[in-house]
2 protein chains.
Amino acid sequence: MNRFAPHLRITIADVARHAGVSKTTVSHVLSRKRPVSTVTRARVEEAIRELGYRPDGVARSLRTRTTHTVALIIPDITNPYYPAVARGLEDGLGGSTYRSLICNTDRHPEREVEFLEDVCDRGVDGIVLDSFTLSGERLAELVPPGVPLVRIGATVIDDPWFDTVHADDEQGAFDATLHLLRRPGRRVAMIQGPPGAGGRRNEGYLRALRTVGAPDPELVLSGEWTRPGGAAAMRRLLALPDPPQAVFCANDLMAFGALDAAREARLDVPGDLAVAGFDDIEAAAMTHPPLTTVSNPAYETGLLAGTLLKERLLGVYADAPRTVTLPCRLIRRATA
Amino acid sequence: MNRFAPHLRITIADVARHAGVSKTTVSHVLSRKRPVSTVTRARVEEAIRELGYRPDGVARSLRTRTTHTVALIIPDITNPYYPAVARGLEDGLGGSTYRSLICNTDRHPEREVEFLEDVCDRGVDGIVLDSFTLSGERLAELVPPGVPLVRIGATVIDDPWFDTVHADDEQGAFDATLHLLRRPGRRVAMIQGPPGAGGRRNEGYLRALRTVGAPDPELVLSGEWTRPGGAAAMRRLLALPDPPQAVFCANDLMAFGALDAAREARLDVPGDLAVAGFDDIEAAAMTHPPLTTVSNPAYETGLLAGTLLKERLLGVYADAPRTVTLPCRLIRRATA
DNA sequence: CAAACGAAGCAAACCGATTTGCCCCCACGG
DNA sequence: CCGTGGGGGCAAATCGGTTTGCTTCGTTTG
């Protein structure tokens with residue numbers, strides 16, 4: 001087929017010629033936007049098959065001003081949280097009608113802006129963004145009106161400009177702490193991240209403690225978000241004159257560190273020390289003993305973001321921005 | 001700016017009019033394909049800034065027949081192997097000039113075909129594919145000539161049609177087994193995946209065993225790729241009249257299962273039983289004791305795929321397809 | 001001094017679809 | 001018998017860029 005033409009691409013014009021009709025008619029056969037007689041339709045479909053014609057997406061996008069593409073702009077796809085978001089987004093958008101463009105910003109503010117502009121220039125139909133630095137105002141001037149954008153991630157509190165989906169870290173921390181507190185008389189410490197970060201988790205811890213009395217500032221330490229960071233903090237807690245019987249860690253890595261320190265001190269977990277983490281990373285279920293932790297609804301976040309986006313894309317919803325807060329689930333395993 | 005026009009989009013024609021030059025000149029200012037006098041260039045740039053003009057990527061793609069987009073077609077981005085590939089690909093392509101479209105096939109043959117056709121219709125510049133079912137011949141008729149495709153993944157042995165990047169599972173398994181064999185007199189078993197799968201790893205194990213004598217078929221069991229699967233197989237090995245002192249597992253999950261079984265039997269690891277896995281999943285470093293295993297060069301696979309693709313895209317290389325085999329690295333931790 | 005050449009710019013064609021406006025024909029209702 | 005309406009089809013405009021060919025002008029070269 002078409003063995004002699006110098007350029008190999010088969011266009012709608014070739015099909016039209018081959019079927020003896022106009023380009024318009026071929027287009028209508030494909031799009032069903034206007035009626036075409038059955039006999040003509042058959043001739044066109046035959047021609048399409050014979051020539052192996054496939055419509056050019058780029059040309060179509062130029063005319064229709066839609067690309068059936070969404071951008072997912074995130075810090076790092078290598079962080080296991082985001083692949084789950086990506087799958088959720090796919091499903092939320094409704095299967096295979098949309099394709100997603102993935103951009104890793106590594107939290108560089110310039111790259112966030114660069115990617116945002118790039119995908120807008122490419123004419124994506126919608127954007128899902130996890131940004132740490134961009135305010136709603138700034139975003140509003142960066143993305144053209146008419147391109148819906150959904151914000152996800154912990155750092156967005158209340159953006160009046162865009163739809164938002166985020167997890168209820170505060171409630172998750174509250175639940176975990178309450179779970180640690182369920183045994184009467186237990187004193188529950190917290191190992192936080194570096195000062196200023198992850199504030200919602202800290203607040204949940206404090207709110208839970210206040211339900212049973214006044215929090216003890218001595219029992220709140222902060223450290224790096226890493227395993228050694230958690231271990232160091234735990235050692236300091238254990239060196240206290242009156243060490244706690246339970247500890248809530250702001251993430252799972254630190255919780256593993258805390259478990260390391262407990263093992264060093266030959267403590268029984270959870271008998272002598274109960275430990276809970278946050279995030280439910282893959283390893284949490286694999287360790288010995290498996291870690292009690294709080295799971296981040298990554299897939300659901302993507303799913304909801306996809307749903308909100310789709311409603312905007314379809315024009316089903318065109319009102320004021322909405323905020324969806326998803327619950328975090330306490331995963332009770334063996335350490336608490 | 002442009003407050004009265006009904007459609008908000010600013011085109012190159014607007015810029016041209018505003019600067020008092022032709023569209024051609026504006027285009028040349030942007031592309032530098034032909035010289036433009038400094039004074040004219042300044043006027044055009046001024047107009048661009050004033051109007052806030054941004055070139056439309058879709059229109060540009062239609063004319064230039066390039067989209068600066070590559071497709072990454074994989075089973076599941078949720079499998080931690082693939083995000084690393086994605087980052088490698090990004091870097092291999094050279095930073096931010098290309099964007100990637102990610103397609104999850106879930107190993108459905110129809111979806112592999114569907115995605116492949118879809119991204120070709122969208123005019124991607126290149127494709128990286130991890131397929132389990134598509135042969136080179138089939139691929140060659142699916143993707144138009146001129147669209148470079150790089151295959152990745154374990155199942156591709158030698159595809160004479162396309163560039164290929166894969167890990168040397170056989171050598172990794174060989175190294176791991178040899179490491180287990182280093183203590184004289186140790187009998188080393190293997191827990192394989194379901195029959196017919198992961199053949200290269202099995203071969204590596206056998207080759208290593210043959211360096212010290214004849215493999216014992218009794219010590220080769222197969223099970224599901226899961227933790228319970230590994231535990232079940234390990235229990236059967238331990239029930240043998242003369243149980244092995246070491247076991248090589250075809251993946252990390254099964255290795256964790258083997259460790260579970262060892263713990264049940266109150267065996268000391270690695271004293272009574274040495275264990276090695278394969279894949280180096282995140283949890284492998286987190287468990288207690290941390291797992292000795294073989295790491296899959298995920299990032300490097302993506303990096304090389306990106307490099308090969310880029311060389312095709314740039315036309316630097318246009319010869320026969322190449323195959324790159326990447327070494328797997330033995331990660332010595334505490335279980336062996 | 002003529003030929004040659006490069007810089008600078010413009011008009012028009014082009015990429016490959018979709019969409020608009022219009023025409024023709026036939027059936028139907030008044 | 002005329003007006004209306006819808007089915008079916010076509011030509012041309014459109015989307016927003018890039019690229020080609022051509023012209024003009026000034027400078028260099030033989």
# chains A, B, ... in the order shown; residues from 1 in each chain; ligands from 1
call {"tool": "interface_residues", "arguments": {"of": "chain D", "to": "chain B", "cutoff": "8 Å", "atoms": "only C-alpha atoms (C1' of nucleotides)", "output": "MDAnalysis selection string"}}
result
chainID D and resid 15:18
call {"tool": "interface_residues", "arguments": {"of": "chain C", "to": "chain B", "cutoff": "9 Å", "atoms": "only C-alpha atoms (C1' of nucleotides)", "output": "list in words"}}
result
DA7, DA8, DG9, DC10, DA11, DC14, DC15 and DG16 of chain C
call {"tool": "closest_atom_pairs", "arguments": {"of": "chain A", "to": "chain B", "cutoff": "7 Å", "atoms": "only C-alpha atoms", "output": "JSON lines"}}
result
{"residue": "A:Arg54", "atom": "CA", "partner": "B:Asp121", "partner_atom": "CA", "distance": 6.9}
{"residue": "A:Pro55", "atom": "CA", "partner": "B:Asp121", "partner_atom": "CA", "distance": 6.7}
{"residue": "A:Asp56", "atom": "CA", "partner": "B:Asp121", "partner_atom": "CA", "distance": 5.5}
{"residue": "A:Gly57", "atom": "CA", "partner": "B:Arg122", "partner_atom": "CA", "distance": 4.6}
{"residue": "A:Val58", "atom": "CA", "partner": "B:Leu62", "partner_atom": "CA", "distance": 5.7}
{"residue": "A:Ala59", "atom": "CA", "partner": "B:Leu62", "partner_atom": "CA", "distance": 5.9}
{"residue": "A:Ser61", "atom": "CA", "partner": "B:Val58", "partner_atom": "CA", "distance": 6.8}
{"residue": "A:Leu62", "atom": "CA", "partner": "B:Val58", "partner_atom": "CA", "distance": 5.7}
{"residue": "A:Ile77", "atom": "CA", "partner": "B:Pro83", "partner_atom": "CA", "distance": 5.6}
{"residue": "A:Thr78", "atom": "CA", "partner": "B:Pro83", "partner_atom": "CA", "distance": 5.0}
{"residue": "A:Pro80", "atom": "CA", "partner": "B:Pro80", "partner_atom": "CA", "distance": 6.9}
{"residue": "A:Pro83", "atom": "CA", "partner": "B:Thr78", "partner_atom": "CA", "distance": 5.0}
{"residue": "A:Ala84", "atom": "CA", "partner": "B:Thr78", "partner_atom": "CA", "distance": 5.9}
{"residue": "A:Arg99", "atom": "CA", "partner": "B:Leu101", "partner_atom": "CA", "distance": 6.8}
{"residue": "A:Ser100", "atom": "CA", "partner": "B:Leu101", "partner_atom": "CA", "distance": 5.6}
{"residue": "A:Leu101", "atom": "CA", "partner": "B:Leu101", "partner_atom": "CA", "distance": 4.6}
{"residue": "A:Ile102", "atom": "CA", "partner": "B:Ser100", "partner_atom": "CA", "distance": 6.1}
{"residue": "A:Asp121", "atom": "CA", "partner": "B:Gly57", "partner_atom": "CA", "distance": 5.3}
{"residue": "A:Arg122", "atom": "CA", "partner": "B:Gly57", "partner_atom": "CA", "distance": 4.6}
{"residue": "A:Gly123", "atom": "CA", "partner": "B:Val58", "partner_atom": "CA", "distance": 6.8}
{"residue": "A:Glu282", "atom": "CA", "partner": "B:Ala283", "partner_atom": "CA", "distance": 6.7}
{"residue": "A:Ala283", "atom": "CA", "partner": "B:Ala283", "partner_atom": "CA", "distance": 4.2}
{"residue": "A:Met286", "atom": "CA", "partner": "B:Ala283", "partner_atom": "CA", "distance": 6.6}
{"residue": "A:Thr287", "atom": "CA", "partner": "B:Thr287", "partner_atom": "CA", "distance": 4.6}
{"residue": "A:His288", "atom": "CA", "partner": "B:His288", "partner_atom": "CA", "distance": 6.4}
call {"tool": "write_last_selection", "arguments": {"atoms": "C-alpha atoms", "output": "PDB file, in the first residue's frame"}}
result
ATOM      1  CA  ARG A  54      -4.757   6.455  11.319  1.00  0.00           C
ATOM      2  CA  PRO A  55      -5.801  10.007  12.150  1.00  0.00           C
ATOM      3  CA  ASP A  56      -2.994  12.325  13.173  1.00  0.00           C
ATOM      4  CA  GLY A  57      -3.462  13.329  16.783  1.00  0.00           C
ATOM      5  CA  VAL A  58      -1.426  16.485  16.537  1.00  0.00           C
ATOM      6  CA  ALA A  59      -3.419  17.879  13.650  1.00  0.00           C
ATOM      7  CA  SER A  61      -5.447  18.667  18.577  1.00  0.00           C
ATOM      8  CA  LEU A  62      -4.582  21.828  16.725  1.00  0.00           C
ATOM      9  CA  ILE A  77       8.025   9.843  40.844  1.00  0.00           C
ATOM     10  CA  THR A  78      10.628   7.786  42.671  1.00  0.00           C
ATOM     11  CA  PRO A  80       6.446   5.638  46.189  1.00  0.00           C
ATOM     12  CA  PRO A  83       3.109   6.300  41.495  1.00  0.00           C
ATOM     13  CA  ALA A  84       0.008   5.458  43.495  1.00  0.00           C
ATOM     14  CA  ARG A  99      -2.805  10.035  28.891  1.00  0.00           C
ATOM     15  CA  SER A 100      -0.577  11.600  31.508  1.00  0.00           C
ATOM     16  CA  LEU A 101       2.597  13.560  31.197  1.00  0.00           C
ATOM     17  CA  ILE A 102       4.775  13.217  34.267  1.00  0.00           C
ATOM     18  CA  ASP A 121       2.259  25.496  25.902  1.00  0.00           C
ATOM     19  CA  ARG A 122       1.731  21.881  24.926  1.00  0.00           C
ATOM     20  CA  GLY A 123      -1.946  22.414  25.415  1.00  0.00           C
ATOM     21  CA  GLU A 282       6.080  -0.703  51.574  1.00  0.00           C
ATOM     22  CA  ALA A 283       8.681  -1.804  54.104  1.00  0.00           C
ATOM     23  CA  MET A 286       7.750  -6.359  55.813  1.00  0.00           C
ATOM     24  CA  THR A 287       9.787  -5.689  58.902  1.00  0.00           C
ATOM     25  CA  HIS A 288       9.901  -7.761  62.022  1.00  0.00           C
TER      26      HIS A 288
END
call {"tool": "select_by_dssp", "arguments": {"residues": "stretch 123-322 of chain A", "states": "helix (DSSP H, G or I)", "output": "PyMOL selection string"}}
result
chain A and resi 136-142+169-181+199-210+217-219+227-238+252-264+282-285+298-313
call {"tool": "residues_around", "arguments": {"residues": "C:DC23", "least_positions_apart": "2", "cutoff": "12 Å", "atoms": "only C-alpha atoms (C1' of nucleotides)", "output": "PyMOL selection string"}}
result
(chain C and resi 21+25) or (chain D and resi 8-11)
call {"tool": "decode", "arguments": {"residues": "stretch 2-17 of chain D", "atoms": "N, CA and C atoms (P, O5', C5', C4', C3', O3' and C1' of nucleotides)", "output": "PDB file, in the first residue's frame"}}
result
ATOM      1  P    DC D   2     -45.280  26.854  -8.036  1.00  0.00           P
ATOM      2  O5'  DC D   2     -45.049  27.559  -6.632  1.00  0.00           O
ATOM      3  C5'  DC D   2     -46.188  28.056  -5.891  1.00  0.00           C
ATOM      4  C4'  DC D   2     -45.847  27.998  -4.412  1.00  0.00           C
ATOM      5  C3'  DC D   2     -44.355  28.232  -4.107  1.00  0.00           C
ATOM      6  O3'  DC D   2     -44.249  29.080  -2.987  1.00  0.00           O
ATOM      7  C1'  DC D   2     -45.046  26.169  -3.194  1.00  0.00           C
ATOM      8  P    DG D   3     -42.783  29.639  -2.562  1.00  0.00           P
ATOM      9  O5'  DG D   3     -42.722  29.232  -1.025  1.00  0.00           O
ATOM     10  C5'  DG D   3     -43.923  29.266  -0.229  1.00  0.00           C
ATOM     11  C4'  DG D   3     -43.683  28.467   1.033  1.00  0.00           C
ATOM     12  C3'  DG D   3     -42.278  28.673   1.627  1.00  0.00           C
ATOM     13  O3'  DG D   3     -42.408  28.718   3.045  1.00  0.00           O
ATOM     14  C1'  DG D   3     -42.592  26.379   1.105  1.00  0.00           C
ATOM     15  P    DT D   4     -41.098  28.909   3.955  1.00  0.00           P
ATOM     16  O5'  DT D   4     -40.878  27.464   4.549  1.00  0.00           O
ATOM     17  C5'  DT D   4     -42.006  26.686   4.986  1.00  0.00           C
ATOM     18  C4'  DT D   4     -41.503  25.367   5.538  1.00  0.00           C
ATOM     19  C3'  DT D   4     -40.118  25.454   6.195  1.00  0.00           C
ATOM     20  O3'  DT D   4     -40.146  24.709   7.398  1.00  0.00           O
ATOM     21  C1'  DT D   4     -40.110  23.793   4.502  1.00  0.00           C
ATOM     22  P    DG D   5     -38.956  24.858   8.498  1.00  0.00           P
ATOM     23  O5'  DG D   5     -38.598  23.351   8.803  1.00  0.00           O
ATOM     24  C5'  DG D   5     -39.462  22.293   8.346  1.00  0.00           C
ATOM     25  C4'  DG D   5     -38.624  21.045   8.077  1.00  0.00           C
ATOM     26  C3'  DG D   5     -37.204  21.122   8.689  1.00  0.00           C
ATOM     27  O3'  DG D   5     -36.895  19.854   9.243  1.00  0.00           O
ATOM     28  C1'  DG D   5     -37.062  20.675   6.386  1.00  0.00           C
ATOM     29  P    DG D   6     -35.720  19.712  10.329  1.00  0.00           P
ATOM     30  O5'  DG D   6     -35.084  18.314   9.949  1.00  0.00           O
ATOM     31  C5'  DG D   6     -35.920  17.292   9.397  1.00  0.00           C
ATOM     32  C4'  DG D   6     -35.128  16.521   8.361  1.00  0.00           C
ATOM     33  C3'  DG D   6     -33.652  16.306   8.762  1.00  0.00           C
ATOM     34  O3'  DG D   6     -33.298  14.984   8.435  1.00  0.00           O
ATOM     35  C1'  DG D   6     -33.766  17.237   6.629  1.00  0.00           C
ATOM     36  P    DG D   7     -32.146  14.228   9.195  1.00  0.00           P
ATOM     37  O5'  DG D   7     -31.563  13.316   8.027  1.00  0.00           O
ATOM     38  C5'  DG D   7     -32.480  12.634   7.170  1.00  0.00           C
ATOM     39  C4'  DG D   7     -31.810  12.429   5.832  1.00  0.00           C
ATOM     40  C3'  DG D   7     -30.364  11.960   5.914  1.00  0.00           C
ATOM     41  O3'  DG D   7     -30.171  10.928   4.963  1.00  0.00           O
ATOM     42  C1'  DG D   7     -30.494  13.927   4.612  1.00  0.00           C
ATOM     43  P    DG D   8     -28.869  10.022   4.989  1.00  0.00           P
ATOM     44  O5'  DG D   8     -27.889  10.850   4.058  1.00  0.00           O
ATOM     45  C5'  DG D   8     -28.102  10.815   2.638  1.00  0.00           C
ATOM     46  C4'  DG D   8     -27.118  11.738   1.982  1.00  0.00           C
ATOM     47  C3'  DG D   8     -25.656  11.515   2.363  1.00  0.00           C
ATOM     48  O3'  DG D   8     -24.956  11.120   1.198  1.00  0.00           O
ATOM     49  C1'  DG D   8     -26.205  13.817   2.266  1.00  0.00           C
ATOM     50  P    DG D   9     -23.430  10.636   1.336  1.00  0.00           P
ATOM     51  O5'  DG D   9     -22.666  11.938   0.834  1.00  0.00           O
ATOM     52  C5'  DG D   9     -22.861  12.368  -0.517  1.00  0.00           C
ATOM     53  C4'  DG D   9     -22.380  13.790  -0.669  1.00  0.00           C
ATOM     54  C3'  DG D   9     -20.909  14.020  -0.339  1.00  0.00           C
ATOM     55  O3'  DG D   9     -20.175  14.061  -1.552  1.00  0.00           O
ATOM     56  C1'  DG D   9     -22.324  15.824   0.383  1.00  0.00           C
ATOM     57  P    DC D  10     -18.584  14.205  -1.505  1.00  0.00           P
ATOM     58  O5'  DC D  10     -18.406  15.765  -1.764  1.00  0.00           O
ATOM     59  C5'  DC D  10     -19.106  16.399  -2.838  1.00  0.00           C
ATOM     60  C4'  DC D  10     -18.812  17.887  -2.810  1.00  0.00           C
ATOM     61  C3'  DC D  10     -17.334  18.217  -2.618  1.00  0.00           C
ATOM     62  O3'  DC D  10     -16.914  19.129  -3.607  1.00  0.00           O
ATOM     63  C1'  DC D  10     -18.649  19.356  -0.998  1.00  0.00           C
ATOM     64  P    DA D  11     -15.369  19.389  -3.830  1.00  0.00           P
ATOM     65  O5'  DA D  11     -15.289  20.944  -3.457  1.00  0.00           O
ATOM     66  C5'  DA D  11     -16.352  21.818  -3.853  1.00  0.00           C
ATOM     67  C4'  DA D  11     -16.102  23.204  -3.293  1.00  0.00           C
ATOM     68  C3'  DA D  11     -14.642  23.655  -3.275  1.00  0.00           C
ATOM     69  O3'  DA D  11     -14.631  25.058  -3.509  1.00  0.00           O
ATOM     70  C1'  DA D  11     -15.457  23.518  -1.048  1.00  0.00           C
ATOM     71  P    DA D  12     -13.249  25.855  -3.514  1.00  0.00           P
ATOM     72  O5'  DA D  12     -13.236  26.499  -2.057  1.00  0.00           O
ATOM     73  C5'  DA D  12     -14.444  27.054  -1.533  1.00  0.00           C
ATOM     74  C4'  DA D  12     -14.182  27.607  -0.147  1.00  0.00           C
ATOM     75  C3'  DA D  12     -12.774  28.172   0.080  1.00  0.00           C
ATOM     76  O3'  DA D  12     -12.907  29.289   0.920  1.00  0.00           O
ATOM     77  C1'  DA D  12     -13.170  26.467   1.634  1.00  0.00           C
ATOM     78  P    DA D  13     -11.660  30.195   1.296  1.00  0.00           P
ATOM     79  O5'  DA D  13     -11.811  30.355   2.881  1.00  0.00           O
ATOM     80  C5'  DA D  13     -13.127  30.449   3.430  1.00  0.00           C
ATOM     81  C4'  DA D  13     -13.057  30.184   4.923  1.00  0.00           C
ATOM     82  C3'  DA D  13     -11.839  30.809   5.622  1.00  0.00           C
ATOM     83  O3'  DA D  13     -12.264  31.308   6.883  1.00  0.00           O
ATOM     84  C1'  DA D  13     -11.823  28.482   5.966  1.00  0.00           C
ATOM     85  P    DT D  14     -11.228  32.088   7.789  1.00  0.00           P
ATOM     86  O5'  DT D  14     -10.760  30.958   8.800  1.00  0.00           O
ATOM     87  C5'  DT D  14     -11.746  30.230   9.543  1.00  0.00           C
ATOM     88  C4'  DT D  14     -11.043  29.222  10.424  1.00  0.00           C
ATOM     89  C3'  DT D  14      -9.727  29.717  11.031  1.00  0.00           C
ATOM     90  O3'  DT D  14      -9.853  29.694  12.432  1.00  0.00           O
ATOM     91  C1'  DT D  14      -9.504  27.528  10.141  1.00  0.00           C
ATOM     92  P    DC D  15      -8.921  30.686  13.304  1.00  0.00           P
ATOM     93  O5'  DC D  15      -8.111  29.666  14.216  1.00  0.00           O
ATOM     94  C5'  DC D  15      -8.749  28.548  14.839  1.00  0.00           C
ATOM     95  C4'  DC D  15      -7.699  27.511  15.137  1.00  0.00           C
ATOM     96  C3'  DC D  15      -6.307  28.103  15.332  1.00  0.00           C
ATOM     97  O3'  DC D  15      -6.060  28.286  16.716  1.00  0.00           O
ATOM     98  C1'  DC D  15      -6.271  26.125  13.956  1.00  0.00           C
ATOM     99  P    DG D  16      -5.413  29.701  17.159  1.00  0.00           P
ATOM    100  O5'  DG D  16      -3.867  29.489  16.869  1.00  0.00           O
ATOM    101  C5'  DG D  16      -3.139  28.519  17.604  1.00  0.00           C
ATOM    102  C4'  DG D  16      -1.787  28.346  16.975  1.00  0.00           C
ATOM    103  C3'  DG D  16      -0.993  29.651  16.803  1.00  0.00           C
ATOM    104  O3'  DG D  16       0.346  29.405  17.158  1.00  0.00           O
ATOM    105  C1'  DG D  16      -1.079  28.501  14.784  1.00  0.00           C
ATOM    106  P    DG D  17       1.288  30.549  17.651  1.00  0.00           P
ATOM    107  O5'  DG D  17       2.714  29.862  17.606  1.00  0.00           O
ATOM    108  C5'  DG D  17       3.553  29.975  16.483  1.00  0.00           C
ATOM    109  C4'  DG D  17       3.686  28.647  15.780  1.00  0.00           C
ATOM    110  C3'  DG D  17       4.865  28.567  14.849  1.00  0.00           C
ATOM    111  O3'  DG D  17       5.952  27.956  15.526  1.00  0.00           O
ATOM    112  C1'  DG D  17       2.860  27.789  13.785  1.00  0.00           C
TER     113       DG D  17
END
